[in-house]
$ cat entry38.csv   # CSV, C-alpha atoms and all ligand atoms
chain,number,residue,atom,x,y,z
G,1,MET,CA,-16.6,5.5,29.6
G,2,GLU,CA,-13.5,3.5,29.0
G,3,ARG,CA,-10.6,5.3,27.2
G,4,ILE,CA,-8.6,3.4,24.6
G,5,ALA,CA,-4.9,4.0,23.9
G,6,LEU,CA,-2.7,2.7,21.2
G,7,VAL,CA,1.0,2.6,21.9
G,8,THR,CA,3.5,1.5,19.1
G,9,GLY,CA,6.6,-0.4,19.9
G,10,ALA,CA,5.2,-1.3,23.3
G,11,ASN,CA,7.0,-4.6,23.7
G,12,ARG,CA,10.1,-3.2,25.3
G,13,GLY,CA,11.9,0.0,26.5
G,14,ILE,CA,10.1,3.3,26.9
G,15,GLY,CA,7.0,2.1,25.0
G,16,PHE,CA,6.5,-0.8,27.3
G,17,GLU,CA,6.7,1.5,30.3
G,18,ILE,CA,4.3,4.1,28.7
G,19,ALA,CA,1.8,1.3,28.1
G,20,ARG,CA,2.1,0.0,31.7
G,21,GLN,CA,1.7,3.5,33.2
G,22,LEU,CA,-1.3,4.3,31.1
G,23,GLY,CA,-2.8,0.9,32.1
G,24,ILE,CA,-2.2,1.7,35.8
G,25,LYS,CA,-4.3,4.9,35.2
G,26,GLY,CA,-7.2,2.8,34.1
G,27,ILE,CA,-6.8,3.2,30.3
G,28,HIS,CA,-7.4,0.2,28.1
G,29,VAL,CA,-4.1,-0.1,26.3
G,30,LEU,CA,-3.6,-1.6,22.9
G,31,VAL,CA,-0.1,-2.9,23.4
G,32,SER,CA,1.4,-3.1,19.9
G,33,GLY,CA,4.6,-4.4,18.4
G,34,ARG,CA,5.8,-6.1,15.3
G,35,ASN,CA,6.4,-9.5,16.9
G,36,ARG,CA,3.3,-11.5,18.0
G,37,GLU,CA,5.1,-13.5,20.7
G,38,LYS,CA,6.7,-10.4,22.2
G,39,VAL,CA,3.5,-8.4,22.4
G,40,GLU,CA,1.5,-11.3,23.8
G,41,GLY,CA,4.2,-11.9,26.4
G,42,VAL,CA,4.2,-8.3,27.6
G,43,ALA,CA,0.4,-8.2,27.5
G,44,ASP,CA,0.2,-11.3,29.7
G,45,LEU,CA,2.6,-9.7,32.2
G,46,MET,CA,0.5,-6.6,32.4
G,47,LYS,CA,-2.7,-8.6,32.8
G,48,LYS,CA,-1.2,-10.3,35.9
G,49,ASP,CA,-1.2,-6.8,37.4
G,50,ASP,CA,-4.9,-6.5,36.5
G,51,LEU,CA,-4.3,-4.0,33.7
G,52,LYS,CA,-6.7,-3.9,30.8
G,53,VAL,CA,-4.6,-4.6,27.7
G,54,THR,CA,-5.0,-6.0,24.2
G,55,PRO,CA,-2.0,-7.2,22.3
G,56,LEU,CA,-1.8,-6.2,18.7
G,57,VAL,CA,0.7,-7.0,15.9
G,58,LEU,CA,1.6,-3.7,14.3
G,59,ASP,CA,4.6,-3.0,12.1
G,60,VAL,CA,4.5,0.7,11.5
G,61,THR,CA,6.2,0.4,8.2
G,62,ASP,CA,3.4,-1.9,6.8
G,63,PRO,CA,0.5,0.1,5.4
G,64,GLU,CA,-1.8,-2.9,5.1
G,65,ASN,CA,-1.0,-3.8,8.7
G,66,ILE,CA,-2.0,-0.3,9.7
G,67,ASP,CA,-5.3,-0.5,7.8
G,68,ARG,CA,-6.1,-3.9,9.5
G,69,ILE,CA,-5.4,-2.5,13.0
G,70,PHE,CA,-7.6,0.5,12.4
G,71,ARG,CA,-10.4,-1.6,11.1
G,72,PHE,CA,-10.1,-3.7,14.2
G,73,ILE,CA,-10.1,-0.6,16.5
G,74,THR,CA,-13.1,0.9,14.7
G,75,ASP,CA,-15.1,-2.4,14.7
G,76,THR,CA,-14.2,-3.4,18.3
G,77,PHE,CA,-14.1,-0.2,20.3
G,78,GLY,CA,-15.5,2.5,17.9
G,79,ARG,CA,-13.1,5.0,19.4
G,80,LEU,CA,-9.4,5.8,20.0
G,81,ASP,CA,-8.6,8.4,22.6
G,82,ILE,CA,-4.8,8.3,22.9
G,83,LEU,CA,-2.1,7.5,20.4
G,84,VAL,CA,1.5,7.2,21.4
G,85,ASN,CA,3.9,7.1,18.5
G,86,ASN,CA,6.8,5.5,20.2
G,87,ALA,CA,8.3,2.9,17.8
G,88,ALA,CA,11.5,4.1,16.2
G,89,ILE,CA,14.9,2.8,15.0
G,90,PHE,CA,18.4,4.2,15.4
G,91,LEU,CA,20.6,2.4,12.9
G,92,SER,CA,24.3,1.7,13.8
G,93,LYS,CA,25.2,2.5,10.2
G,94,ASP,CA,23.9,6.0,10.8
G,95,ARG,CA,27.3,7.6,11.5
G,96,ASN,CA,27.7,11.1,10.1
G,97,GLY,CA,26.6,13.3,7.3
G,98,LEU,CA,29.5,12.4,5.0
G,99,ASP,CA,29.5,8.6,5.1
G,100,THR,CA,26.0,7.6,6.0
G,101,GLU,CA,24.3,6.0,3.0
G,102,ALA,CA,21.1,7.6,1.8
G,103,SER,CA,19.4,4.3,2.2
G,104,VAL,CA,20.0,4.5,6.0
G,105,ILE,CA,18.1,7.8,6.0
G,106,GLU,CA,15.3,6.3,3.9
G,107,ASP,CA,15.0,3.3,6.2
G,108,THR,CA,15.0,5.4,9.3
G,109,PHE,CA,12.3,7.7,7.8
G,110,ASN,CA,10.1,4.8,6.9
G,111,THR,CA,9.9,3.8,10.6
G,112,ASN,CA,10.3,7.1,12.4
G,113,VAL,CA,8.3,9.4,10.1
G,114,ILE,CA,6.2,7.8,7.4
G,115,GLY,CA,4.8,5.1,9.8
G,116,PRO,CA,3.7,7.6,12.4
G,117,PHE,CA,2.3,9.8,9.6
G,118,ARG,CA,0.1,7.0,8.2
G,119,ILE,CA,-1.0,6.1,11.7
G,120,LYS,CA,-2.0,9.6,12.6
G,121,GLN,CA,-4.0,10.0,9.4
G,122,ARG,CA,-6.0,6.9,10.4
G,123,ALA,CA,-6.3,7.9,14.1
G,124,ILE,CA,-7.5,11.5,13.8
G,125,PRO,CA,-10.8,10.8,12.0
G,126,ILE,CA,-11.7,8.3,14.8
G,127,MET,CA,-10.7,10.8,17.5
G,128,ARG,CA,-12.9,13.5,15.8
G,129,ARG,CA,-16.0,11.3,16.3
G,130,HIS,CA,-15.8,11.9,20.0
G,131,HIS,CA,-14.2,15.3,20.0
G,132,TYR,CA,-11.3,14.0,22.0
G,133,GLY,CA,-7.8,12.9,21.2
G,134,ARG,CA,-4.3,13.0,22.7
G,135,ILE,CA,-1.3,12.2,20.4
G,136,VAL,CA,2.2,12.0,21.8
G,137,ASN,CA,5.2,11.8,19.4
G,138,LEU,CA,8.3,10.3,21.0
G,139,SER,CA,11.0,12.7,19.6
G,140,SER,CA,14.4,13.6,20.8
G,141,ARG,CA,16.5,16.7,21.4
G,142,MET,CA,18.8,15.2,18.8
G,143,GLY,CA,16.1,16.4,16.3
G,144,ALA,CA,15.9,19.9,17.8
G,145,ILE,CA,17.1,22.5,15.2
G,146,ASN,CA,18.3,24.8,17.9
G,147,GLU,CA,20.9,22.3,19.2
G,148,MET,CA,21.5,20.4,16.0
G,149,SER,CA,25.0,19.0,15.8
G,150,GLY,CA,27.0,16.5,13.7
G,151,GLY,CA,26.5,12.7,13.6
G,152,TYR,CA,23.5,10.4,13.1
G,153,PRO,CA,21.9,12.3,10.3
G,154,GLY,CA,19.2,9.7,9.6
G,155,TYR,CA,17.9,9.7,13.2
G,156,ARG,CA,18.3,13.4,13.8
G,157,ILE,CA,16.5,14.4,10.6
G,158,SER,CA,13.8,11.9,11.3
G,159,LYS,CA,13.1,13.4,14.7
G,160,THR,CA,13.2,17.0,13.2
G,161,ALA,CA,10.6,15.8,10.6
G,162,LEU,CA,8.5,14.2,13.4
G,163,ASN,CA,8.5,17.5,15.2
G,164,ALA,CA,7.5,19.3,12.1
G,165,MET,CA,4.6,16.9,11.7
G,166,THR,CA,3.6,17.6,15.3
G,167,LYS,CA,3.2,21.3,14.5
G,168,ILE,CA,1.5,20.7,11.1
G,169,LEU,CA,-1.1,18.3,12.4
G,170,ALA,CA,-1.6,20.3,15.6
G,171,ALA,CA,-2.5,23.3,13.5
G,172,GLU,CA,-4.9,21.3,11.4
G,173,VAL,CA,-6.9,20.0,14.4
G,174,ARG,CA,-6.8,23.2,16.5
G,175,GLY,CA,-10.0,23.8,18.4
G,176,GLU,CA,-11.1,20.2,18.1
G,177,ASN,CA,-9.9,19.0,21.5
G,178,ILE,CA,-7.3,16.8,19.8
G,179,LEU,CA,-3.9,17.7,21.4
G,180,ILE,CA,-0.7,16.7,19.5
G,181,ASN,CA,2.7,17.2,21.1
G,182,SER,CA,6.3,16.0,20.8
G,183,MET,CA,8.4,15.1,23.8
G,184,CYS,CA,12.0,14.0,24.5
G,185,PRO,CA,12.3,11.3,27.2
G,186,GLY,CA,16.0,12.1,28.0
G,187,TRP,CA,18.8,9.6,27.6
G,188,VAL,CA,17.2,6.4,28.8
G,189,LYS,CA,18.6,2.9,29.5
G,190,THR,CA,17.0,0.8,26.8
G,191,GLU,CA,18.3,-1.2,23.8
G,192,MET,CA,18.4,2.1,21.9
G,193,GLY,CA,19.8,4.2,24.7
G,194,GLY,CA,22.4,1.7,25.8
G,195,GLN,CA,23.7,0.7,29.3
G,196,ASN,CA,25.4,4.0,30.1
G,197,ALA,CA,22.2,6.0,29.9
G,198,PRO,CA,21.4,7.6,33.3
G,199,ARG,CA,17.6,7.4,33.1
G,200,THR,CA,15.2,4.5,33.8
G,201,PRO,CA,12.4,3.7,31.3
G,202,GLU,CA,10.0,4.7,34.1
G,203,LYS,CA,11.4,8.2,34.2
G,204,GLY,CA,11.6,8.4,30.4
G,205,ALA,CA,7.9,7.5,30.1
G,206,GLU,CA,6.6,10.1,32.6
G,207,THR,CA,6.3,13.1,30.4
G,208,ALA,CA,4.7,11.0,27.6
G,209,VAL,CA,2.1,9.7,30.0
G,210,TRP,CA,1.4,13.2,31.3
G,211,LEU,CA,0.9,14.4,27.6
G,212,ALA,CA,-1.4,11.4,26.9
G,213,MET,CA,-3.6,12.5,29.8
G,214,LEU,CA,-3.7,16.3,29.2
G,215,PRO,CA,-6.9,18.1,30.3
G,216,ASP,CA,-9.1,19.7,27.6
G,217,ASN,CA,-7.3,23.1,27.6
G,218,GLY,CA,-3.9,21.6,27.5
G,219,PRO,CA,-1.0,22.5,25.2
G,220,ASN,CA,-1.1,21.6,21.5
G,221,GLY,CA,1.7,21.6,19.0
G,222,LYS,CA,4.6,21.9,21.5
G,223,PHE,CA,7.8,20.1,22.4
G,224,PHE,CA,8.4,19.0,26.0
G,225,ARG,CA,11.0,17.4,28.3
G,226,ASP,CA,10.4,16.7,32.0
G,227,HIS,CA,6.9,18.4,31.8
G,228,LYS,CA,8.5,21.7,30.6
G,229,GLU,CA,8.3,23.2,27.1
G,230,ILE,CA,11.6,23.1,25.2
G,231,LYS,CA,12.8,24.8,22.0
G,232,TRP,CA,12.4,23.0,18.6
L,301,LIG,P1,14.1,0.6,21.9
L,301,LIG,O1,14.4,0.1,23.2
L,301,LIG,O2,15.0,0.4,20.8
L,301,LIG,O3,12.6,0.2,21.5
L,301,LIG,C1,12.1,0.5,20.2
L,301,LIG,C2,10.7,-0.1,20.0
L,301,LIG,O4,10.3,0.2,18.7
L,301,LIG,C3,10.8,-1.6,20.1
L,301,LIG,O5,9.6,-2.1,20.7
L,301,LIG,C4,10.8,-2.0,18.7
L,301,LIG,O6,10.3,-3.3,18.4
L,301,LIG,C5,9.9,-1.0,18.1
L,301,LIG,N1,10.0,-0.9,16.6
L,301,LIG,C6,11.0,-0.6,15.8
L,301,LIG,N2,10.7,-0.7,14.5
L,301,LIG,C7,9.4,-1.0,14.5
L,301,LIG,C8,8.4,-1.1,13.5
L,301,LIG,N3,8.7,-1.1,12.2
L,301,LIG,N4,7.1,-1.4,13.8
L,301,LIG,C9,6.7,-1.4,15.1
L,301,LIG,N5,7.6,-1.3,16.2
L,301,LIG,C10,8.9,-1.1,15.8
L,301,LIG,O7,13.9,2.2,22.0
L,301,LIG,P2,13.5,3.2,23.2
L,301,LIG,O8,14.8,3.7,23.8
L,301,LIG,O9,12.5,2.5,24.1
L,301,LIG,O10,12.9,4.4,22.4
L,301,LIG,C11,11.5,4.7,22.4
L,301,LIG,C12,11.3,6.0,21.8
L,301,LIG,O11,12.0,7.1,22.5
L,301,LIG,C13,11.8,6.1,20.3
L,301,LIG,O12,11.0,6.9,19.6
L,301,LIG,C14,13.2,6.8,20.5
L,301,LIG,O13,13.6,7.5,19.3
L,301,LIG,C15,12.9,7.8,21.6
L,301,LIG,N6,14.1,8.2,22.4
L,301,LIG,C16,14.8,7.3,23.1
L,301,LIG,C17,15.9,7.8,23.8
L,301,LIG,C18,16.8,6.9,24.6
L,301,LIG,O14,17.7,7.4,25.2
L,301,LIG,N7,16.4,5.6,24.8
L,301,LIG,C19,16.3,9.2,23.7
L,301,LIG,C20,15.5,10.0,23.0
L,301,LIG,C21,14.4,9.5,22.3
L,301,LIG,P3,11.2,-4.7,18.2
L,301,LIG,O15,11.4,-5.2,19.6
L,301,LIG,O16,10.3,-5.5,17.3
L,301,LIG,O17,12.5,-4.2,17.6
$ encode --input "entry38.csv" --output "C-alpha cells" --more "lines below"
Ligand code: NAP
Amino acid sequence: MERIALVTGANRGIGFEIARQLGIKGIHVLVSGRNREKVEGVADLMKKDDLKVTPLVLDVTDPENIDRIFRFITDTFGRLDILVNNAAIFLSKDRNGLDTEASVIEDTFNTNVIGPFRIKQRAIPIMRRHHYGRIVNLSSRMGAINEMSGGYPGYRISKTALNAMTKILAAEVRGENILINSMCPGWVKTEMGGQNAPRTPEKGAETAVWLAMLPDNGPNGKFFRDHKEIKW
C-alpha cells in the first residue's frame, strides 16, 4: 500500500527537503506551494531521482484552494497518511511588541495558524478512514512560552498558537492512531533563516521526517527538536 504525504511550502527551504526525504523513503509526496512554476520545477527535479511526487498549487491562506486540493486528494488517492504543515512567513515589519502593526500579526496568523488549522480540519477526516495519520507542525522555539523573549511578536505568537493547536487536536484524536506533533528545526540556512544560520536544510528536515514516519505507538501532542522532546 502506497502512503501519501502532503507537504505545504515544499518548493524551497526546509519544506523542499522534507518532501525530498519522504520521497526517498518511498512515500508518494504531494509537493505543494503557491506558485505553479516553482512546484512543477521542484517536482521535476525530484522525479529525476525516481521519487514519486505530484506537484500541487496550494496557497494555505486560500480556503477555496484548500477545498479544491482536498477534493483532488479524496478523488485521486482516497487517502492521506501524512501532513506536514511547513509553509510559514516571518515578516520583516514584525519588529517588537511596541511598534509592530496589528495587521502584521493578522497577516502572519493567516498563513502560520489559520491556514494549517483549515488544512488539518480537512486532513483528519480522511486520515480517520484508514485509522492512520501523522501530522507534523513546523514550529519554532521562538514560540515556546518557557523561553519567550522580546521581538517578532507576530511570528512568536503564531508559533505559540500553532503549538496550542498541536495539543488541542492531538487530544481530540487520541487513541485513533493519528499522531500530531510540533517540532523546531533549529536555525536553518534558508530564505527565512538567512545566510548566517548554522544548519543545513537537510539537518532541519530530519526530525520532521522522523515524526512523519512514527510507529503506531509513537508520541502524540508533543514538541520536539533533534528527536528529543522539548518544553512548550
Ligand atoms: P522559507 O525558506 O521562507 O520557506 C517558506 C515556504 O513557505 C516557501 O515555500 C513559501 O513559498 C511557503 N509559503 C509562504 N506563504 C505561503 C502560503 N500562503 N501558501 C503556501 N506556501 C507558503 O522558510 P523555511 O526556513 O524553509 O521554514 C520552513 C518552516 O520552518 C516554517 O514553518 C518556519 O517557521 C520554520 N522554522 C524555520 C527556521 C529557520 O531557521 N529557517 C527556524 C525555526 C522554524 P513561496 O516560495 O511561494 O514564498
$ atom_distance --input "entry38.csv" --atom1 "atom CA of G:Glu206" --atom2 "atom CA of G:Gly186"
10.7 Å
$ residues_around --input "entry38.csv" --residues "G:Glu202" --least-positions-apart "2" --cutoff "10 Å" --atoms "only C-alpha atoms" --output "NGL selection string"
:G and (13-18 or 20-21 or 185 or 188-189 or 199-200 or 204-207)
$ residues_near_ligand --input "entry38.csv" --ligand "ligand LIG 301 (chain L)" --cutoff "8 Å" --atoms "all atoms listed in the file" --output "PyMOL selection string"
chain G and resi 8-16+32-35+38+58-62+85-90+111-112+115+137-142+155+159+184-194+197+199+201+204
$ closest_residue --input "entry38.csv" --among "G:Leu98, G:Ile66, G:Val113, G:Met127" --to "G:Ala161" --atoms "only C-alpha atoms"
G:Val113
$ atom_distance --input "entry38.csv" --atom1 "atom CA of G:Asn163" --atom2 "atom CA of G:Phe223"
7.7 Å
$ build_atoms --input "entry38.csv" --residues "stretch 25-36 of chain G" --atoms "N, CA and C atoms" --output "PDB file, in the frame of the given file"
ATOM      1  N   LYS G  25      -3.310   3.793  35.064  1.00  0.00           N
ATOM      2  CA  LYS G  25      -4.300   4.900  35.200  1.00  0.00           C
ATOM      3  C   LYS G  25      -5.685   4.499  34.740  1.00  0.00           C
ATOM      4  N   GLY G  26      -5.871   3.232  34.428  1.00  0.00           N
ATOM      5  CA  GLY G  26      -7.200   2.800  34.100  1.00  0.00           C
ATOM      6  C   GLY G  26      -7.573   2.829  32.625  1.00  0.00           C
ATOM      7  N   ILE G  27      -6.579   3.149  31.797  1.00  0.00           N
ATOM      8  CA  ILE G  27      -6.800   3.200  30.300  1.00  0.00           C
ATOM      9  C   ILE G  27      -6.725   1.766  29.793  1.00  0.00           C
ATOM     10  N   HIS G  28      -7.566   1.443  28.826  1.00  0.00           N
ATOM     11  CA  HIS G  28      -7.400   0.200  28.100  1.00  0.00           C
ATOM     12  C   HIS G  28      -6.370   0.355  27.038  1.00  0.00           C
ATOM     13  N   VAL G  29      -5.249  -0.344  27.188  1.00  0.00           N
ATOM     14  CA  VAL G  29      -4.100  -0.100  26.300  1.00  0.00           C
ATOM     15  C   VAL G  29      -3.985  -1.177  25.232  1.00  0.00           C
ATOM     16  N   LEU G  30      -3.912  -0.727  23.986  1.00  0.00           N
ATOM     17  CA  LEU G  30      -3.600  -1.600  22.900  1.00  0.00           C
ATOM     18  C   LEU G  30      -2.103  -1.672  22.759  1.00  0.00           C
ATOM     19  N   VAL G  31      -1.535  -2.753  23.281  1.00  0.00           N
ATOM     20  CA  VAL G  31      -0.100  -2.900  23.400  1.00  0.00           C
ATOM     21  C   VAL G  31       0.390  -3.469  22.029  1.00  0.00           C
ATOM     22  N   SER G  32       1.042  -2.622  21.223  1.00  0.00           N
ATOM     23  CA  SER G  32       1.400  -3.100  19.900  1.00  0.00           C
ATOM     24  C   SER G  32       2.888  -3.216  19.667  1.00  0.00           C
ATOM     25  N   GLY G  33       3.232  -4.136  18.759  1.00  0.00           N
ATOM     26  CA  GLY G  33       4.600  -4.400  18.400  1.00  0.00           C
ATOM     27  C   GLY G  33       4.655  -5.252  17.173  1.00  0.00           C
ATOM     28  N   ARG G  34       5.822  -5.362  16.560  1.00  0.00           N
ATOM     29  CA  ARG G  34       5.800  -6.100  15.300  1.00  0.00           C
ATOM     30  C   ARG G  34       5.967  -7.610  15.448  1.00  0.00           C
ATOM     31  N   ASN G  35       6.219  -8.075  16.662  1.00  0.00           N
ATOM     32  CA  ASN G  35       6.400  -9.500  16.900  1.00  0.00           C
ATOM     33  C   ASN G  35       5.276 -10.036  17.808  1.00  0.00           C
ATOM     34  N   ARG G  36       4.484 -10.995  17.276  1.00  0.00           N
ATOM     35  CA  ARG G  36       3.300 -11.500  18.000  1.00  0.00           C
ATOM     36  C   ARG G  36       3.687 -12.030  19.398  1.00  0.00           C
TER      37      ARG G  36
END
